[in-house]
Structures are given as C-alpha cells and as structure tokens.
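Below is one structure, written out as structure tokens; comments come after it.
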Amino acid sequence: MKLFTDIDLDGLGCGIVAKLAFGEDANVSYCSYRNLNQRVEHFIDNPDHNNTETYITDLAVNEHVEKKLEKRFSNGHPIQMIDHHVTAMHFNEYKWAMVDPEYKTGKKTCATSLFYDFLVEHQKIQKTPALDEFVDLVRQYDTWEWDENNNVAAKRLNDLFYMMDREHFEEDLLKRLKDHPNSFTLTDTENLLLDVEDKKIHRYIHSKNRQLVQTFVEEYCVGIVHAEQYLSELGNALHKLNPHLDMIILINAGNKKVGFRTIYDHIDVSEFASRFGGGGHPKASGCDLSQETFEKFVVNVFPISPHKPDPERNEINVKCAHYGTCYENRKGDISFIRPLNEHDFEVIHNGKRIDESFDAYESAEYFIKRNYNSWLRFDNDYLRHLTTALPVTTEEIRANYEMIISTCGGSSIQPFLIIIFPPS
C-alpha cells in the first residue's frame, strides 16, 4: 500500500496506523502542501502502481491532480482520500473521498482518527486500548480539544514529536504500541525532557509577546509575529494574552509559510487563509508566504513598533479597580476606564469621555486596545505622572493611593481628570 500524509503529528499518526495495519507492505510518504501534488501525480502516472492500494490523508490535492485521481478511480484503480479540513469538503462529491470535520457526537475529528476508523471498519487493523488512546491523544491535540479538557498528555505527545527525530520517534511508537497493547504512556525519561521543554516554550512565548505587532488587516484586528518554533502553542498562548485581537498571524520566513490562529468561534481563519490560497481549520490555518502575503504581512507592517504587553506586577494601576484604571500608548495618549456602577463603565480618552458606554470592564478594555493600541500603564509611570500634579512623593501616593484618589475626586470625577489629563 501507499500512503501520502502530512508532516505534522496528525500526519505521523496516519503513518503509524498504516504501518500497524499493513506492516512492511506500508510505504509512507510524509508531504507538505508544496510537494504533495508533484509526488501524488508522479506516483499515479506510473502504470506499475495502478493496482497499489493508495491513500491520501490530512492533505488535499490541487484541481489538476484531483481530476487525475477521479480518472484513476474510474479506471478501477484503488484510491482513497481521508481528510477533516472544512476547506476540503468539496471532495465529498467523489466516491473515493471522505472529508468529515466532526463526528455525530459533536466531537471534532482528525485524519488519524478517521483513517483508524476506516481501517477498523474494513477489518484491516485490530483495535487495542493503547492504540485507541494514542489515536485520541493525536485527535485531541490536532483539534485543540486538549486545551479545553486540560489534557496535558496530548500536548506532551506533540512536544515530544517535535523534539525527536521523526524516524526514531515513529520506530519507538510502533514498538511501544505493539509491545504494550493495553495502555499508552510516556516514559519517565520522556517526561523529564518535556519538563525542560515546557520551560523553554514558556520563555519563547514571553519573548515573542514582546515582538508582537498589532494592526488591522482587512476587517480583522491582528497580531503579527515572526516565529519558527512551537507554532501551535505560540499562536494559542499569544491570543490568550491578547484577547482583544481577532487572530494571531505567525510568519515563518525560513519555511516561507504563514500561520493563522484564533481562540474565537466567530472568527474563521480557514476562510481568511483561503483568500491567499491556503486553508485548514476554522481556528488554525495557513498559507504560503508568497509575494502578496509578504507585502501584506511583512512589508506593510515593518514600520509599526511592537506593542507593549501589560505589566504583570502592578499593585496600584490594576484592572477592574473600583477607582478606575489607566492605559497609555506610544503616541502618549492616555485612556481611563472608570466604573460608573457595577454594570456600567465609561472610557475617558485624553480627558474627553467617548460617546460609547460599556457593560463590562473587559468590553471597555477591548475598545481601548483595538482602537488606540494601548497597554495598562506601569505603576511607576502612572505614579510619577501623579506627582507632577500633587504635592506628595511617589512613596506617599503608593502608601495612600485610594485615600488620595478619593480626596481628589470627591463626588465628581472632574478634579481627578485634571490630574490624569492636565490641560495642554
């Protein structure tokens, strides 16, 4: 048999399942979108392969090869495509293709789980508890279900995949699944290595958050960063750190790829990626770094300075404070979120109230960050600002902040606004 599959963990999962099902007869080619069409076309054009059981998983061929596959099937030669990406749904028009993003239970699918189910149904592989668990870990990671369920084992399996040489990793998994059919676990040594890797990932995410550039691309407010490692974890983590953005765009210049990640159900990055010839999942997609995308995501944003992350150790100027919270941006604009009551908040920007009102603090912050590209003002900057208008030291303000603010504000916010936003 011949299998063409992706180069990520889901693609490797398909390779593992194929080799367990077909043994030494399994010939697996790990492909990317760049070389898939050429490899598939070269294979099916060779008449020696007319009767070879052929599978394509986790990847979709272009229109030219699609027609050749239909001709192959019409001539009675075996071909089966199995995928789960919504951007490949049109292949369901063919008898030789099965594209299913979701099970009837509502759980999302992956190529490995669909391929495994297919081989079980056609009695080409025997189910085992270990294999069931391995396949579901791959599925949970690929669909990002692990994050919702806090299933760290799925993430660790993916981390281990990227840490190790693929051939060695594949051989080790095959041996483990054969020798221990009743359960699937990582070894103590692997977990120790992964503990070290987790710290590296955390530091990498922290550094990339400081390099993030915020801008609007078409109708979306996006964060753009150049990155070559831990792309799935990075995109998800950066979006959680910056929830006011619609998506994170990851530029990998070395591989000439662009990744799109979102944490929101109402944002479909696969549709966005399709505008540039790409595709994938609604929350994780990609496309090539072409001249068009290089211009849009690199050249056009090059003059923009990276955003400043919110400070993590503020004690005075903190979010959701009942006395209000201060933000600033690189232009020197000052914004202030002031709670009017438990359910109403107003934004005062450069001393003027904006017309829009907000029913939650997060909504007001969302507005400030998207429209002014602002960050939570650091305590030291905020306190120094106050000392220019108040006859007290920074230390005195820090020790008696709430009392001072109450005295300045009294029953009206106006005296306090004069301090925060002094007349020019």
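Just remember, in the structure tokens the first chain shown is A, the second B, etc., residues are 1-based per chain, and ligands are 1-based in the order shown.
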Any chance you could tabulate, as JSON lines, the residues of range 239-356 of chain A at most 12 Å from range 55-67 of chain A with each one's nearest atom pair and distance in Å to one decimal, using only C-alpha atoms, in chain and rising number order?
{"residue": "A:Gly277", "atom": "CA", "partner": "A:Asn62", "partner_atom": "CA", "distance": 10.8}
{"residue": "A:Gly278", "atom": "CA", "partner": "A:Ala60", "partner_atom": "CA", "distance": 10.9}
{"residue": "A:Gly279", "atom": "CA", "partner": "A:Ala60", "partner_atom": "CA", "distance": 9.8}
{"residue": "A:Gly280", "atom": "CA", "partner": "A:Leu59", "partner_atom": "CA", "distance": 9.3}
{"residue": "A:His281", "atom": "CA", "partner": "A:Asp58", "partner_atom": "CA", "distance": 11.3}
Just the residues within 9 Å of Asn252 in chain A, please, counting only C-alpha atoms, with nothing from its chain fewer than 2 positions along; format it as number ranges by chain.
A: 225-229, 250, 254-259, 289
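The protein and nucleic acid residues lying at most 9 Å from Leu114 in chain A are Ile82, Asp83, His84, Met98, Val99, Asp100, Thr109, Cys110, Ala111, Asp117, Phe118 and Leu119 of chain A, with only C-alpha atoms considered and sequence neighbours fewer than 3 positions away removed.
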Going by DSSP on the backbone, which residues of range 43-162 of chain A come out as strand (DSSP E)? List them as a PyMOL selection string.
chain A and resi 54-57+80-83+97-99
Show me, as number ranges by chain, the residues that have an atom within 9 Å of Arg398 in chain A when counting only C-alpha atoms, minus same-chain residues fewer than 3 positions from it.
A: 315-316, 383, 393-395, 401-402
